Amino acid sequence: MEMDNTTFGLTMLICGMGGTLLTLWIMSLVMTVLGRLFPEKAEPKKEG
Amino acid sequence: MSDEVLAPMPGKITKILVKPGDDVLEDEEVLVLEAMKMDNPIFAPSNGKVKEIRVKEGEEVDVDHVLLVIE
Amino acid sequence: MLEAILNGLGGLVAGFQALALDWRSIIMLVIGGILLYLGIKKDCEPLLLVPIGFGCILVNVPLSDLMAKEGFLRVIYDAGVDTELFPLLIFIGIGAMTDFGPVLAQPSTFLLGAAGQFGIFLTLLMALFFGFTKLEAVSIGIIGACDGPTAIYVTSKYAPHLLGAVSVAAYSYMALVPVIQPPIMRAMTTQAERATVMKYKARPVSKTTKILFPLVITILGGLIAPKGLPLLGSLMLGNLMRESGVVSRLTKASENEIANVVTLFLGLCIGATMSGAAFLKPQTLIVLGLGFVAICLDTVCGILFAKGMRVLSGGKINPLIGAAGISAFPMAARVVQREGIKYNKKSYLLMHAMGANAGGQVGSVIAAAVMLSVLAGMGIIS
């Protein structure tokens, strides 16, 4: 099951870039949701 | 007409380069704000005289905190 | 008696004879010296270049057998690089040092961390074109992650013979980010774009969010790209320890003692892979060249992506922050801040750039993880 280099390269380009972008996009959505679910309290305690 | 200089981001005032009564020119460095371990110069927004300084060196400020007033 | 003395003396000059016969070792000794010079005199990543340079010198003294079976450096190499342990330990420290606050406050900048990885895949294509095998091309492309430990992790697993060249490229270009990026940033943007002021909208981030972030990212990332979980998991473990605030001793140990010890051993091992016979090949030069292209392409893609976001947002985004979507944290964000303020004294891009930069940190790990999982999916690696 040896594929030629062009197919391999283009597959990596599409799956790699697409996968990375998609993953980070999902993660940014998750972050937005997290921020909404657990908003900072109105009166934050100052640290340090 | 007075101009308030606001903190562009949260950080610590490390240096104040002007005194009340000083004349400043637009884009002159007036303060140094340390944020994310980097010293960031803060420049005067307009020509004028420093009316009041609302922070001390070493003070931690939040974003949009009034740093000084220029008139 | 005389013959015995002569033979004995012969043992003392054998090293010189071997060195005289082997021009490659001589060149590598010089290269090791140059790396030391750059680290010590030029202050260019000294923490890495000093051990790398000395490791390179050690391994190129003929007949010393440091990298032979059971040799001093071989033992460290087998224990930490061959097993991929060292880059992962360093990642715990990086996680402990990274503040994901700016990115949590403005999640959209996270996407820039993906665009900053596109150089990886474009470079991979180019490497294939230059005749490298598939797995070699993957290891060369990963220089574009602009992240030393990630590059070492991937390369030591799939193309160990390129480890010296790839890691030297990854670390030296990382150190050169403040030199490489600004001309590209200037060339790709207009004055109006560069002068765009971005207001920092402080959305306060709760502690709960900061603690849940590493956990959720680990599980989610692990499900999408299980092959990269060691990298992502160790990064996020460090971050969880930092944000939890209850294990400050462990956090401190990870970012100081452990990271320092591992950096020393890792540097020595990388130097040790630079024996003349392995390093002085035309392909090393090609690897160094492609690595440079990779980082330029990262910058280009990051800025283009930010320009796209600028259009979508109606001109509110300064495309310079796209350059920060690489992993060199926090250097790339600082470069953006310094450049931005040159064009508009009222422009403070630091917090936005930090967001993109933290995104780039995670992005480089995700890109590597995605790549490995795609490779596994295609049946090229097991």
# chains A, B, ... in the order shown; residues from 1 in each chain; ligands from 1
call {"tool": "residues_around", "arguments": {"residues": "Gly291 in chain C", "least_positions_apart": "5", "cutoff": "7 Å", "atoms": "only C-alpha atoms", "output": "PyMOL selection string"}}
result
chain C and resi 140+143-144+169
call {"tool": "write_last_selection", "arguments": {"atoms": "C-alpha atoms", "output": "CSV table (one decimal), in the first residue's frame"}}
result
chain,number,residue,atom,x,y,z
C,140,ILE,CA,11.1,18.8,7.9
C,143,ILE,CA,10.2,22.9,11.6
C,144,GLY,CA,7.3,25.2,10.6
C,169,ALA,CA,16.9,24.7,12.3
call {"tool": "closest_atom_pairs", "arguments": {"of": "chain C", "to": "chain A", "cutoff": "9 Å", "atoms": "only C-alpha atoms", "output": "Markdown table"}}
result
| residue | atom | partner | partner_atom | distance |
| --- | --- | --- | --- | --- |
| C:Val103 | CA | A:Ser28 | CA | 8.8 |
| C:Leu104 | CA | A:Met31 | CA | 6.2 |
| C:Ala105 | CA | A:Gly35 | CA | 8.0 |
| C:Gln106 | CA | A:Thr32 | CA | 8.2 |
| C:Pro107 | CA | A:Ser28 | CA | 5.1 |
| C:Ser108 | CA | A:Ser28 | CA | 6.5 |
| C:Thr109 | CA | A:Ser28 | CA | 8.5 |
| C:Phe110 | CA | A:Ser28 | CA | 6.2 |
| C:Leu111 | CA | A:Leu24 | CA | 6.0 |
| C:Leu112 | CA | A:Leu21 | CA | 8.9 |
| C:Gly113 | CA | A:Leu24 | CA | 7.8 |
| C:Ala114 | CA | A:Leu21 | CA | 5.2 |
| C:Ala115 | CA | A:Leu21 | CA | 7.2 |
| C:Gln117 | CA | A:Met17 | CA | 7.8 |
| C:Phe118 | CA | A:Met17 | CA | 6.2 |
| C:Ile120 | CA | A:Leu13 | CA | 8.8 |
| C:Phe121 | CA | A:Leu13 | CA | 5.2 |
| C:Leu122 | CA | A:Leu13 | CA | 6.9 |
| C:Leu124 | CA | A:Gly9 | CA | 6.9 |
| C:Leu125 | CA | A:Gly9 | CA | 5.2 |
| C:Met126 | CA | A:Gly9 | CA | 8.8 |
| C:Leu128 | CA | A:Asn5 | CA | 6.6 |
| C:Phe129 | CA | A:Asn5 | CA | 8.3 |
| C:Thr133 | CA | A:Asn5 | CA | 8.3 |
| C:Lys134 | CA | A:Asn5 | CA | 7.1 |
| C:Arg203 | CA | A:Glu40 | CA | 8.5 |
| C:Pro204 | CA | A:Glu40 | CA | 5.8 |
| C:Val205 | CA | A:Glu40 | CA | 5.6 |
| C:Ser206 | CA | A:Glu40 | CA | 4.2 |
| C:Lys207 | CA | A:Glu40 | CA | 7.6 |
| C:Thr208 | CA | A:Phe38 | CA | 6.4 |
| C:Thr209 | CA | A:Leu34 | CA | 5.8 |
| C:Lys210 | CA | A:Leu34 | CA | 9.0 |
| C:Leu212 | CA | A:Leu34 | CA | 7.8 |
| C:Phe213 | CA | A:Met31 | CA | 7.0 |
| C:Val216 | CA | A:Val30 | CA | 8.1 |
| C:Ile217 | CA | A:Met27 | CA | 6.8 |
| C:Leu220 | CA | A:Met27 | CA | 8.0 |
| C:Gly221 | CA | A:Thr23 | CA | 7.4 |
| C:Ile224 | CA | A:Thr23 | CA | 7.6 |
| C:Gly359 | CA | A:Leu24 | CA | 8.1 |
| C:Val362 | CA | A:Leu24 | CA | 8.4 |
| C:Gly363 | CA | A:Leu24 | CA | 6.9 |
| C:Ser364 | CA | A:Thr20 | CA | 8.8 |
| C:Ile366 | CA | A:Thr20 | CA | 6.1 |
| C:Ala367 | CA | A:Thr20 | CA | 5.2 |
| C:Ala368 | CA | A:Gly16 | CA | 8.7 |
| C:Ala369 | CA | A:Thr20 | CA | 8.7 |
| C:Val370 | CA | A:Gly16 | CA | 6.1 |
| C:Met371 | CA | A:Gly16 | CA | 5.6 |
| C:Val374 | CA | A:Cys15 | CA | 7.0 |
| C:Leu375 | CA | A:Met12 | CA | 8.0 |
| C:Met378 | CA | A:Phe8 | CA | 9.0 |
| C:Gly379 | CA | A:Met1 | CA | 8.3 |
| C:Ile380 | CA | A:Glu2 | CA | 8.6 |
call {"tool": "interface_residues", "arguments": {"of": "chain C", "to": "chain B", "cutoff": "8 Å", "atoms": "only C-alpha atoms", "output": "list in words"}}
result
Lys199, Tyr200, Ala202, Arg334, Lys345, Lys346, Tyr348 and Met351 of chain C
call {"tool": "residues_around", "arguments": {"residues": "Gly11 in chain B", "least_positions_apart": "3", "cutoff": "6 Å", "atoms": "only C-alpha atoms", "output": "mmCIF file with all heavy atoms, in the first residue's frame"}}
result
data_model
loop_
_atom_site.group_PDB
_atom_site.id
_atom_site.type_symbol
_atom_site.label_atom_id
_atom_site.label_comp_id
_atom_site.auth_asym_id
_atom_site.auth_seq_id
_atom_site.Cartn_x
_atom_site.Cartn_y
_atom_site.Cartn_z
ATOM 1 N N GLU B 34 4.116 47.935 32.278
ATOM 2 C CA GLU B 34 4.607 46.583 32.063
ATOM 3 C C GLU B 34 3.422 45.623 31.994
ATOM 4 O O GLU B 34 2.626 45.541 32.925
ATOM 5 C CB GLU B 34 5.540 46.175 33.195
ATOM 6 C CG GLU B 34 6.188 44.835 32.947
ATOM 7 C CD GLU B 34 6.776 44.235 34.209
ATOM 8 O OE1 GLU B 34 7.779 44.769 34.700
ATOM 9 O OE2 GLU B 34 6.216 43.241 34.693
ATOM 10 N N ALA B 35 3.300 44.953 30.850
ATOM 11 C CA ALA B 35 2.234 43.974 30.708
ATOM 12 C C ALA B 35 2.849 42.734 30.100
ATOM 13 O O ALA B 35 3.678 42.823 29.195
ATOM 14 C CB ALA B 35 1.138 44.504 29.791
ATOM 15 N N GLU B 60 -0.675 48.529 40.074
ATOM 16 C CA GLU B 60 -1.271 47.616 39.096
ATOM 17 C C GLU B 60 -2.537 48.274 38.557
ATOM 18 O O GLU B 60 -3.371 48.725 39.335
ATOM 19 C CB GLU B 60 -1.676 46.294 39.753
ATOM 20 C CG GLU B 60 -0.554 45.543 40.424
ATOM 21 C CD GLU B 60 0.120 44.556 39.476
ATOM 22 O OE1 GLU B 60 -0.394 44.364 38.362
ATOM 23 O OE2 GLU B 60 1.160 44.008 39.865
ATOM 24 N N VAL B 61 -2.674 48.340 37.255
ATOM 25 C CA VAL B 61 -3.877 48.950 36.701
ATOM 26 C C VAL B 61 -4.607 47.956 35.804
ATOM 27 O O VAL B 61 -4.005 47.050 35.239
ATOM 28 C CB VAL B 61 -3.559 50.221 35.879
ATOM 29 C CG1 VAL B 61 -3.012 51.307 36.771
ATOM 30 C CG2 VAL B 61 -2.587 49.913 34.754
#
call {"tool": "select_by_dssp", "arguments": {"residues": "chain A", "states": "alpha helix (DSSP H)", "output": "ChimeraX atom specification"}}
result
/A:5-37
call {"tool": "residues_around", "arguments": {"residues": "Leu297 in chain C", "least_positions_apart": "4", "cutoff": "7 Å", "atoms": "only C-alpha atoms", "output": "NGL selection string"}}
result
:C and (119 or 293 or 301)
call {"tool": "write_last_selection", "arguments": {"atoms": "all heavy atoms", "output": "PDB file, in the first residue's frame"}}
result
ATOM      1  N   GLY C 119       2.512  26.852   7.180  1.00  0.00           N
ATOM      2  CA  GLY C 119       3.851  26.666   6.634  1.00  0.00           C
ATOM      3  C   GLY C 119       4.319  25.221   6.729  1.00  0.00           C
ATOM      4  O   GLY C 119       5.050  24.736   5.871  1.00  0.00           O
ATOM      5  N   VAL C 293      12.192  28.604   4.945  1.00  0.00           N
ATOM      6  CA  VAL C 293      10.998  28.861   4.129  1.00  0.00           C
ATOM      7  C   VAL C 293       9.737  28.589   4.951  1.00  0.00           C
ATOM      8  O   VAL C 293       8.770  29.344   4.897  1.00  0.00           O
ATOM      9  CB  VAL C 293      11.024  27.966   2.868  1.00  0.00           C
ATOM     10  CG1 VAL C 293       9.721  28.076   2.107  1.00  0.00           C
ATOM     11  CG2 VAL C 293      12.201  28.350   1.985  1.00  0.00           C
ATOM     12  N   CYS C 301       1.113  33.137   5.881  1.00  0.00           N
ATOM     13  CA  CYS C 301      -0.237  32.581   6.015  1.00  0.00           C
ATOM     14  C   CYS C 301      -0.969  33.217   7.184  1.00  0.00           C
ATOM     15  O   CYS C 301      -2.163  33.514   7.095  1.00  0.00           O
ATOM     16  CB  CYS C 301      -0.185  31.070   6.219  1.00  0.00           C
ATOM     17  SG  CYS C 301       0.407  30.200   4.781  1.00  0.00           S
TER      18      CYS C 301
END
